[in-house]
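Student: Input file: final.cif. Contents: mmCIF, C-alpha atoms, pLDDT in the B column; chains and numbers go by the auth columns.
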data_query
loop_
_atom_site.group_PDB
_atom_site.id
_atom_site.type_symbol
_atom_site.label_atom_id
_atom_site.label_comp_id
_atom_site.label_asym_id
_atom_site.label_seq_id
_atom_site.Cartn_x
_atom_site.Cartn_y
_atom_site.Cartn_z
_atom_site.B_iso_or_equiv
_atom_site.auth_seq_id
_atom_site.auth_asym_id
ATOM 1 C CA MET A 1 97.731 85.334 70.026 55.00 1 A
ATOM 2 C CA PRO A 2 99.554 86.924 72.980 68.00 2 A
ATOM 3 C CA ALA A 3 99.529 85.176 76.353 80.00 3 A
ATOM 4 C CA PHE A 4 97.081 87.775 77.659 88.00 4 A
ATOM 5 C CA PHE A 5 94.683 89.762 75.538 92.00 5 A
ATOM 6 C CA VAL A 6 91.684 91.853 76.554 95.00 6 A
ATOM 7 C CA SER A 7 89.677 94.552 74.806 97.00 7 A
ATOM 8 C CA ARG A 8 86.763 96.778 75.725 98.00 8 A
ATOM 9 C CA THR A 9 84.893 99.805 74.397 97.00 9 A
ATOM 10 C CA PHE A 10 83.780 102.783 76.495 97.00 10 A
ATOM 11 C CA PRO A 11 81.648 105.859 75.869 95.00 11 A
ATOM 12 C CA ALA A 12 83.615 109.039 75.181 94.00 12 A
ATOM 13 C CA ASP A 13 82.660 110.938 78.317 93.00 13 A
ATOM 14 C CA ALA A 14 83.985 111.418 81.839 92.00 14 A
ATOM 15 C CA ASP A 15 82.189 108.317 83.120 94.00 15 A
ATOM 16 C CA GLY A 16 83.676 106.310 80.276 95.00 16 A
ATOM 17 C CA ILE A 17 87.176 107.496 81.127 96.00 17 A
ATOM 18 C CA VAL A 18 86.700 106.549 84.774 96.00 18 A
ATOM 19 C CA ALA A 19 85.270 103.125 83.840 97.00 19 A
ATOM 20 C CA GLY A 20 88.078 102.590 81.348 97.00 20 A
ATOM 21 C CA ASP A 21 90.706 103.348 83.961 97.00 21 A
ATOM 22 C CA ASP A 22 89.129 100.946 86.480 97.00 22 A
ATOM 23 C CA TRP A 23 89.030 98.205 83.843 97.00 23 A
ATOM 24 C CA LEU A 24 92.584 98.887 82.690 97.00 24 A
ATOM 25 C CA GLU A 25 93.922 98.841 86.246 96.00 25 A
ATOM 26 C CA ASP A 26 92.289 95.448 86.831 96.00 26 A
ATOM 27 C CA SER A 27 93.400 94.076 83.461 96.00 27 A
ATOM 28 C CA ALA A 28 97.015 95.165 83.875 94.00 28 A
ATOM 29 C CA GLY A 29 97.054 93.558 87.297 93.00 29 A
ATOM 30 C CA SER A 30 95.590 90.348 85.894 91.00 30 A
ATOM 31 C CA CYS A 31 98.379 90.000 83.344 87.00 31 A
ATOM 32 C CA GLY A 32 101.109 90.678 85.909 89.00 32 A
ATOM 33 C CA VAL A 33 102.160 94.159 84.819 92.00 33 A
ATOM 34 C CA ASP A 34 104.099 95.879 87.592 92.00 34 A
ATOM 35 C CA ALA A 35 102.528 98.853 89.373 92.00 35 A
ATOM 36 C CA SER A 36 104.798 101.450 87.778 93.00 36 A
ATOM 37 C CA THR A 37 104.143 100.280 84.230 94.00 37 A
ATOM 38 C CA SER A 38 100.434 99.916 84.940 95.00 38 A
ATOM 39 C CA PHE A 39 100.339 103.508 86.167 96.00 39 A
ATOM 40 C CA ARG A 40 102.110 104.722 83.027 95.00 40 A
ATOM 41 C CA ILE A 41 99.723 102.792 80.780 96.00 41 A
ATOM 42 C CA ARG A 42 96.711 104.237 82.584 97.00 42 A
ATOM 43 C CA VAL A 43 98.060 107.782 82.314 96.00 43 A
ATOM 44 C CA CYS A 44 98.497 107.356 78.558 96.00 44 A
ATOM 45 C CA VAL A 45 94.944 106.101 78.040 97.00 45 A
ATOM 46 C CA ALA A 46 93.554 108.818 80.310 95.00 46 A
ATOM 47 C CA GLU A 47 95.331 111.453 78.207 93.00 47 A
ATOM 48 C CA LEU A 48 94.144 110.048 74.889 94.00 48 A
ATOM 49 C CA ALA A 49 90.564 109.636 76.058 95.00 49 A
ATOM 50 C CA ALA A 50 90.490 113.065 77.730 92.00 50 A
ATOM 51 C CA ASN A 51 91.710 114.618 74.502 89.00 51 A
ATOM 52 C CA LEU A 52 88.903 112.833 72.664 91.00 52 A
ATOM 53 C CA VAL A 53 86.266 114.035 75.126 89.00 53 A
ATOM 54 C CA GLN A 54 87.525 117.609 75.177 83.00 54 A
ATOM 55 C CA HIS A 55 88.391 118.105 71.522 79.00 55 A
ATOM 56 C CA GLY A 56 87.672 115.207 69.230 72.00 56 A
ATOM 57 C CA ALA A 57 84.286 113.672 69.977 69.00 57 A
ATOM 58 C CA SER A 58 81.867 115.207 67.517 70.00 58 A
ATOM 59 C CA ALA A 59 79.006 112.751 68.043 70.00 59 A
ATOM 60 C CA ALA A 60 77.126 111.841 71.192 73.00 60 A
ATOM 61 C CA GLU A 61 77.703 108.160 70.474 83.00 61 A
ATOM 62 C CA ALA A 62 81.486 108.566 70.218 91.00 62 A
ATOM 63 C CA THR A 63 83.482 105.787 71.850 94.00 63 A
ATOM 64 C CA PHE A 64 87.014 104.683 72.533 96.00 64 A
ATOM 65 C CA THR A 65 88.329 101.133 72.597 97.00 65 A
ATOM 66 C CA VAL A 66 91.326 99.879 74.556 98.00 66 A
ATOM 67 C CA THR A 67 93.122 96.632 73.779 97.00 67 A
ATOM 68 C CA LEU A 68 95.803 95.299 76.104 96.00 68 A
ATOM 69 C CA ALA A 69 98.123 92.484 75.074 95.00 69 A
ATOM 70 C CA CYS A 70 100.955 91.133 77.194 91.00 70 A
ATOM 71 C CA GLU A 71 103.645 88.606 76.325 85.00 71 A
ATOM 72 C CA GLY A 72 107.217 87.983 77.391 80.00 72 A
ATOM 73 C CA GLY A 73 107.691 91.199 79.345 80.00 73 A
ATOM 74 C CA ASP A 74 106.286 93.370 76.577 89.00 74 A
ATOM 75 C CA VAL A 75 103.003 95.168 76.949 94.00 75 A
ATOM 76 C CA ARG A 76 101.187 96.426 73.873 96.00 76 A
ATOM 77 C CA LEU A 77 98.314 98.818 74.163 97.00 77 A
ATOM 78 C CA ASP A 78 96.134 99.732 71.209 97.00 78 A
ATOM 79 C CA TYR A 79 93.786 102.655 71.547 98.00 79 A
ATOM 80 C CA PHE A 80 91.059 103.394 68.995 97.00 80 A
ATOM 81 C CA ASP A 81 88.560 106.200 68.934 95.00 81 A
ATOM 82 C CA SER A 82 85.934 107.567 66.630 90.00 82 A
ATOM 83 C CA GLY A 83 86.957 111.187 66.990 90.00 83 A
ATOM 84 C CA CYS A 84 88.369 113.555 64.414 89.00 84 A
ATOM 85 C CA ALA A 85 91.838 112.761 63.127 90.00 85 A
ATOM 86 C CA PHE A 86 94.503 113.378 65.739 88.00 86 A
ATOM 87 C CA ASP A 87 98.120 112.219 65.555 91.00 87 A
ATOM 88 C CA PRO A 88 99.830 112.266 68.977 90.00 88 A
ATOM 89 C CA THR A 89 103.205 111.453 67.424 89.00 89 A
ATOM 90 C CA LEU A 90 103.265 114.958 65.994 83.00 90 A
ATOM 91 C CA ALA A 91 103.712 116.484 69.440 59.00 91 A
ATOM 92 C CA ARG A 92 105.779 119.569 69.798 59.00 92 A
ATOM 93 C CA ASN A 93 109.395 119.476 70.930 51.00 93 A
ATOM 94 C CA ASP A 94 109.657 117.708 74.294 52.00 94 A
ATOM 95 C CA GLU A 95 112.371 119.982 75.644 49.00 95 A
ATOM 96 C CA ALA A 96 110.257 123.034 74.882 48.00 96 A
ATOM 97 C CA LEU A 97 107.363 121.380 76.706 48.00 97 A
ATOM 98 C CA ARG A 98 109.507 120.721 79.739 52.00 98 A
ATOM 99 C CA ARG A 99 110.641 124.330 79.824 49.00 99 A
ATOM 100 C CA GLY A 100 107.146 125.642 79.279 48.00 100 A
ATOM 101 C CA GLY A 101 105.498 123.151 81.653 50.00 101 A
ATOM 102 C CA VAL A 102 101.747 123.256 81.638 48.00 102 A
ATOM 103 C CA ASP A 103 101.665 126.593 79.862 48.00 103 A
ATOM 104 C CA GLN A 104 101.978 124.320 76.845 47.00 104 A
ATOM 105 C CA ILE A 105 98.633 122.864 77.819 45.00 105 A
ATOM 106 C CA GLY A 106 97.840 121.195 74.513 51.00 106 A
ATOM 107 C CA GLY A 107 101.119 119.346 74.429 64.00 107 A
ATOM 108 C CA PHE A 108 101.421 118.324 78.047 76.00 108 A
ATOM 109 C CA GLY A 109 99.524 115.043 77.810 82.00 109 A
ATOM 110 C CA LEU A 110 101.363 114.286 74.587 85.00 110 A
ATOM 111 C CA HIS A 111 104.667 114.790 76.339 86.00 111 A
ATOM 112 C CA LEU A 112 103.635 112.154 78.880 90.00 112 A
ATOM 113 C CA LEU A 113 102.648 109.733 76.105 91.00 113 A
ATOM 114 C CA ARG A 114 105.979 110.145 74.379 91.00 114 A
ATOM 115 C CA SER A 115 107.914 109.828 77.603 92.00 115 A
ATOM 116 C CA PHE A 116 106.128 106.802 79.033 94.00 116 A
ATOM 117 C CA ALA A 117 105.744 104.609 75.949 94.00 117 A
ATOM 118 C CA SER A 118 108.840 102.924 74.528 93.00 118 A
ATOM 119 C CA LEU A 119 107.164 103.024 71.122 94.00 119 A
ATOM 120 C CA LEU A 120 104.321 105.232 69.930 95.00 120 A
ATOM 121 C CA THR A 121 102.742 104.953 66.497 96.00 121 A
ATOM 122 C CA TYR A 122 99.615 106.368 64.903 96.00 122 A
ATOM 123 C CA GLU A 123 97.471 105.580 61.914 97.00 123 A
ATOM 124 C CA ARG A 124 94.128 106.815 60.669 95.00 124 A
ATOM 125 C CA ASP A 125 92.129 103.634 60.159 91.00 125 A
ATOM 126 C CA GLY A 126 89.020 104.540 58.160 93.00 126 A
ATOM 127 C CA ASP A 127 87.105 106.918 60.388 90.00 127 A
ATOM 128 C CA ARG A 128 89.027 105.912 63.500 93.00 128 A
ATOM 129 C CA ASN A 129 92.232 106.992 65.191 95.00 129 A
ATOM 130 C CA HIS A 130 94.504 104.090 66.095 97.00 130 A
ATOM 131 C CA VAL A 131 97.323 104.768 68.534 97.00 131 A
ATOM 132 C CA SER A 132 99.641 101.892 69.358 97.00 132 A
ATOM 133 C CA LEU A 133 101.918 102.028 72.392 97.00 133 A
ATOM 134 C CA ARG A 134 104.518 99.615 73.734 96.00 134 A
ATOM 135 C CA PHE A 135 105.794 99.357 77.275 94.00 135 A
ATOM 136 C CA ALA A 136 108.457 97.220 78.897 85.00 136 A
ATOM 137 C CA SER A 137 107.054 95.793 82.128 77.00 137 A
ATOM 138 C CA ARG A 138 109.430 95.229 85.035 69.00 138 A
ATOM 139 C CA GLY A 139 107.104 92.554 86.378 60.00 139 A
ATOM 140 C CA PRO A 140 106.307 89.010 85.236 52.00 140 A
ATOM 141 C CA VAL A 141 104.187 89.221 82.100 49.00 141 A
ATOM 142 C CA GLY A 142 102.902 86.446 79.928 46.00 142 A
ATOM 143 C CA MET B 1 88.297 111.669 95.474 93.00 143 B
ATOM 144 C CA ILE B 2 88.644 112.774 99.072 94.00 144 B
ATOM 145 C CA LEU B 3 89.718 116.236 100.165 96.00 145 B
ATOM 146 C CA GLN B 4 90.199 117.303 103.759 96.00 146 B
ATOM 147 C CA THR B 5 91.595 120.620 104.905 96.00 147 B
ATOM 148 C CA MET B 6 93.371 121.372 108.184 96.00 148 B
ATOM 149 C CA GLU B 7 94.441 124.872 109.109 95.00 149 B
ATOM 150 C CA ILE B 8 97.983 124.934 110.482 95.00 150 B
ATOM 151 C CA ASP B 9 97.884 128.678 111.067 93.00 151 B
ATOM 152 C CA ASN B 10 96.066 131.578 109.430 93.00 152 B
ATOM 153 C CA GLN B 11 98.573 131.590 106.565 95.00 153 B
ATOM 154 C CA THR B 12 99.041 127.866 106.041 96.00 154 B
ATOM 155 C CA SER B 13 96.756 124.915 105.367 97.00 155 B
ATOM 156 C CA ARG B 14 97.353 121.224 105.013 97.00 156 B
ATOM 157 C CA VAL B 15 95.213 119.619 102.310 98.00 157 B
ATOM 158 C CA ILE B 16 94.837 115.854 102.461 98.00 158 B
ATOM 159 C CA LEU B 17 93.917 114.291 99.134 98.00 159 B
ATOM 160 C CA GLY B 18 92.893 110.691 98.574 97.00 160 B
ATOM 161 C CA GLY B 19 91.804 108.537 95.645 97.00 161 B
ATOM 162 C CA LYS B 20 92.117 109.056 91.923 96.00 162 B
ATOM 163 C CA MET B 21 92.905 112.564 90.724 96.00 163 B
ATOM 164 C CA ASP B 22 91.498 111.819 87.291 94.00 164 B
ATOM 165 C CA ILE B 23 89.014 113.687 85.119 92.00 165 B
ATOM 166 C CA ARG B 24 86.276 113.144 87.720 93.00 166 B
ATOM 167 C CA GLY B 25 88.340 113.452 90.877 94.00 167 B
ATOM 168 C CA SER B 26 89.900 116.674 89.674 93.00 168 B
ATOM 169 C CA GLU B 27 86.462 118.260 89.548 91.00 169 B
ATOM 170 C CA THR B 28 86.213 117.663 93.296 93.00 170 B
ATOM 171 C CA VAL B 29 89.454 119.404 94.153 95.00 171 B
ATOM 172 C CA ALA B 30 89.467 122.238 91.627 95.00 172 B
ATOM 173 C CA LEU B 31 87.417 124.813 93.532 96.00 173 B
ATOM 174 C CA PRO B 32 88.805 124.117 97.032 96.00 174 B
ATOM 175 C CA LEU B 33 92.381 124.287 95.741 96.00 175 B
ATOM 176 C CA ALA B 34 91.711 127.501 93.865 96.00 176 B
ATOM 177 C CA THR B 35 90.057 129.057 96.917 96.00 177 B
ATOM 178 C CA LEU B 36 92.838 128.040 99.295 97.00 178 B
ATOM 179 C CA SER B 37 95.610 129.141 96.963 97.00 179 B
ATOM 180 C CA GLY B 38 93.952 132.541 96.713 96.00 180 B
ATOM 181 C CA SER B 39 93.596 133.022 100.448 95.00 181 B
ATOM 182 C CA LYS B 40 96.631 131.335 102.051 96.00 182 B
ATOM 183 C CA ARG B 41 100.355 131.911 101.814 96.00 183 B
ATOM 184 C CA ALA B 42 101.340 128.258 101.875 97.00 184 B
ATOM 185 C CA LEU B 43 99.727 124.903 101.178 98.00 185 B
ATOM 186 C CA ILE B 44 101.001 121.488 102.160 98.00 186 B
ATOM 187 C CA ILE B 45 99.287 118.956 99.905 98.00 187 B
ATOM 188 C CA ASP B 46 99.365 115.515 101.483 98.00 188 B
ATOM 189 C CA MET B 47 99.463 113.195 98.462 98.00 189 B
ATOM 190 C CA ALA B 48 100.101 109.903 100.263 98.00 190 B
ATOM 191 C CA ALA B 49 96.637 108.541 99.493 98.00 191 B
ATOM 192 C CA VAL B 50 96.454 109.737 95.877 98.00 192 B
ATOM 193 C CA THR B 51 96.428 106.536 93.819 96.00 193 B
ATOM 194 C CA PHE B 52 96.276 108.048 90.338 97.00 194 B
ATOM 195 C CA LEU B 53 97.155 111.407 88.831 96.00 195 B
ATOM 196 C CA ALA B 54 96.269 112.504 85.310 94.00 196 B
ATOM 197 C CA SER B 55 97.417 115.708 83.664 91.00 197 B
ATOM 198 C CA VAL B 56 94.075 117.348 84.417 91.00 198 B
ATOM 199 C CA GLY B 57 94.889 116.904 88.098 94.00 199 B
ATOM 200 C CA ILE B 58 98.429 118.197 87.664 93.00 200 B
ATOM 201 C CA ARG B 59 97.036 121.351 86.094 91.00 201 B
ATOM 202 C CA HIS B 60 95.016 122.143 89.201 94.00 202 B
ATOM 203 C CA LEU B 61 98.107 121.660 91.379 95.00 203 B
ATOM 204 C CA VAL B 62 100.162 123.863 89.061 94.00 204 B
ATOM 205 C CA ALA B 63 97.483 126.548 89.001 95.00 205 B
ATOM 206 C CA ALA B 64 97.421 126.579 92.809 97.00 206 B
ATOM 207 C CA ALA B 65 101.231 126.710 93.010 97.00 207 B
ATOM 208 C CA ARG B 66 101.371 129.612 90.574 95.00 208 B
ATOM 209 C CA SER B 67 98.632 131.498 92.388 96.00 209 B
ATOM 210 C CA LEU B 68 100.613 131.207 95.623 97.00 210 B
ATOM 211 C CA SER B 69 103.899 132.040 93.923 95.00 211 B
ATOM 212 C CA ARG B 70 102.499 135.309 92.598 94.00 212 B
ATOM 213 C CA ARG B 71 101.999 136.358 96.223 93.00 213 B
ATOM 214 C CA ASN B 72 105.389 134.998 97.344 94.00 214 B
ATOM 215 C CA GLY B 73 103.723 131.906 98.737 96.00 215 B
ATOM 216 C CA ARG B 74 104.526 128.245 98.224 96.00 216 B
ATOM 217 C CA LEU B 75 102.933 124.857 97.703 97.00 217 B
ATOM 218 C CA VAL B 76 104.651 121.568 98.515 98.00 218 B
ATOM 219 C CA LEU B 77 103.619 117.983 97.866 98.00 219 B
ATOM 220 C CA LEU B 78 103.971 115.711 100.877 98.00 220 B
ATOM 221 C CA LYS B 79 104.664 111.980 100.515 98.00 221 B
ATOM 222 C CA PRO B 80 103.395 111.238 97.001 98.00 222 B
ATOM 223 C CA THR B 81 103.662 107.597 95.955 97.00 223 B
ATOM 224 C CA ASP B 82 106.582 106.447 93.799 96.00 224 B
ATOM 225 C CA THR B 83 104.380 106.311 90.700 95.00 225 B
ATOM 226 C CA VAL B 84 103.161 109.866 91.230 96.00 226 B
ATOM 227 C CA VAL B 85 106.760 111.012 91.789 96.00 227 B
ATOM 228 C CA ASP B 86 107.695 109.308 88.510 93.00 228 B
ATOM 229 C CA LEU B 87 104.922 111.201 86.736 94.00 229 B
ATOM 230 C CA LEU B 88 105.889 114.565 88.222 94.00 230 B
ATOM 231 C CA GLU B 89 109.575 114.057 87.431 93.00 231 B
ATOM 232 C CA THR B 90 108.731 113.065 83.871 91.00 232 B
ATOM 233 C CA SER B 91 106.575 116.167 83.609 89.00 233 B
ATOM 234 C CA GLY B 92 109.487 118.345 84.675 89.00 234 B
ATOM 235 C CA LEU B 93 107.412 120.014 87.365 91.00 235 B
ATOM 236 C CA THR B 94 109.279 119.222 90.572 93.00 236 B
ATOM 237 C CA GLU B 95 110.690 122.734 90.811 93.00 237 B
ATOM 238 C CA LEU B 96 107.239 124.291 90.757 94.00 238 B
ATOM 239 C CA LEU B 97 105.760 121.399 92.768 96.00 239 B
ATOM 240 C CA PRO B 98 108.512 120.441 95.227 97.00 240 B
ATOM 241 C CA ILE B 99 108.215 117.020 96.816 98.00 241 B
ATOM 242 C CA VAL B 100 108.925 116.413 100.506 98.00 242 B
ATOM 243 C CA ALA B 101 108.881 113.244 102.565 97.00 243 B
ATOM 244 C CA THR B 102 108.065 114.465 106.078 97.00 244 B
ATOM 245 C CA ASP B 103 106.021 117.084 107.871 95.00 245 B
ATOM 246 C CA GLU B 104 109.248 118.706 109.069 96.00 246 B
ATOM 247 C CA GLU B 105 110.557 118.995 105.516 97.00 247 B
ATOM 248 C CA ALA B 106 107.232 120.439 104.415 97.00 248 B
ATOM 249 C CA LEU B 107 107.295 123.160 107.069 95.00 249 B
ATOM 250 C CA ALA B 108 110.916 123.961 106.256 95.00 250 B
ATOM 251 C CA ALA B 109 110.164 124.158 102.540 95.00 251 B
ATOM 252 C CA ILE B 110 107.291 126.591 102.896 93.00 252 B
ATOM 253 C CA ALA B 111 109.307 128.730 105.304 89.00 253 B
ATOM 254 C CA ALA B 112 112.263 128.973 102.916 79.00 254 B
#
Before anything else, please render the file you have as structure tokens.

Tutor:
Amino acid sequence: MPAFFVSRTFPADADGIVAGDDWLEDSAGSCGVDASTSFRIRVCVAELAANLVQHGASAAEATFTVTLACEGGDVRLDYFDSGCAFDPTLARNDEALRRGGVDQIGGFGLHLLRSFASLLTYERDGDRNHVSLRFASRGPVG
Amino acid sequence: MILQTMEIDNQTSRVILGGKMDIRGSETVALPLATLSGSKRALIIDMAAVTFLASVGIRHLVAAARSLSRRNGRLVLLKPTDTVVDLLETSGLTELLPIVATDEEALAAIAA
């Protein structure tokens, strides 16, 4: 078990995204993640959850779950949702996104995910999406 | 999300934003930003008190900047925090959304 481990589930709507961000900000602070890394983690979750709300949540009871684990300077974030299958690792070419900016609206959040996380993996776990992200914190973790 | 507007002259406004520019906060700023970008020639967006910025918020800033640009106007971001600067640099948007550190730099940038 990592030195710090927390997990919580939120409804897939705007209020859920806001509540999830508040909780994640507090949790990252509690495990000693530096402000810059915390901000990057929160942006990634906001993008994943916003994508779920806007495109992937087919049922009113859709949810997303965030798990944060910190140990030895490494931060692992696992994001699960009950939306339709969506693989963020299959984002379009990053350089094309940079050139196109937000004209490439669908890929913009994905570009941030790929840029901010040191490792990004995806698997379809039953009827859930599971996105795993790693970050290297510059602050004292674990 | 807080939004305050100060008119510098009839062509230029200073918009002070504060709080989280997330999915909820962006709803607050969307209409005022769109209205100002359609009626002014330059906007100085004071970002010093913006504590979080998601891509939905960036899109509103970009839309405002492009609206101004089409009429030879300009938008600048004044004093964003280091984390917001990191996000904007990673996004590759600092040419469209130039960042300045002082009021003097902001006025010079919109006059350029």

Student: Would you kindly report the residues of chain A within 8 Å of chain B, using all atoms listed in the file, as a list in words?

Tutor: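 Per the criterion, chain A yields Ala14, Asp15, Ile17, Val18, Ala35, Ser36, Phe39, Arg40, Val43, Ala46, Glu47, Ala50, Arg98, Arg99, Gly101, Val102, Phe108, Gly109, His111, Leu112 and Ser115 of chain A.
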
Student: Quick one: everything within 12 Å of Asp26 in chain A, counting only C-alpha atoms, minus sequence neighbours fewer than 5 positions away in the same chain. Send it as a PyMOL selection string.

Tutor: chain A and resi 6+19-21+31-35+38-39+42+68

Student: I need the residues from that last selection saved to file as a compact mmCIF listing (two decimals), in the frame of the given file (with C-alpha atoms), if you can.

Tutor:
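Done, and the output landed in selection.txt:
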# COMPACT_ATOMS: atom_id res chain seq x y z
CA VAL A 6 91.68 91.85 76.55
CA ALA A 19 85.27 103.12 83.84
CA GLY A 20 88.08 102.59 81.35
CA ASP A 21 90.71 103.35 83.96
CA CYS A 31 98.38 90.00 83.34
CA GLY A 32 101.11 90.68 85.91
CA VAL A 33 102.16 94.16 84.82
CA ASP A 34 104.10 95.88 87.59
CA ALA A 35 102.53 98.85 89.37
CA SER A 38 100.43 99.92 84.94
CA PHE A 39 100.34 103.51 86.17
CA ARG A 42 96.71 104.24 82.58
CA LEU A 68 95.80 95.30 76.10

Student: For the structure shown, which residues end up in the PyMOL selection byres ((chain A and resi 122) around 9)? Put them as a list in words, please?

Tutor: Phe86, Asp87, Pro88, Thr89, Leu120, Thr121, Glu123, Arg124, Asn129, His130, Val131, Ser132 and Leu133 of chain A

Student: Please list as an MDAnalysis selection string every residue within 9 Å of range 245-253 of chain B, counting only C-alpha atoms and excluding residues in the same chain fewer than 2 positions away.

Tutor: chainID B and resid 154 183:186 215:220 240:243

Student: I need the residue nearest Ile144 in chain B from this list: B:Arg213, B:Ala176, B:Val171, B:Ser181. Use all atoms listed in the file for the distance.

Tutor: B:Val171

Student: If I take CA of Gln153 in chain B and CA of Leu173 in chain B, how far is one from the other in Å, to one decimal?

Tutor: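 We find that CA of Gln153 in chain B and CA of Leu173 in chain B lie 18.4 Å from each other.
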
Student: Could you jot down the CA of Arg114 in chain A to CA of Asp74 in chain A separation for me, Å, one decimal place?

Tutor: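 Atom-to-atom, CA of Arg114 in chain A to CA of Asp74 in chain A, that is 16.9 Å.
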
Student: Quick one: distance from CA of Ser179 in chain B to CA of Glu231 in chain B in Å, one decimal?

Tutor: 22.7 Å
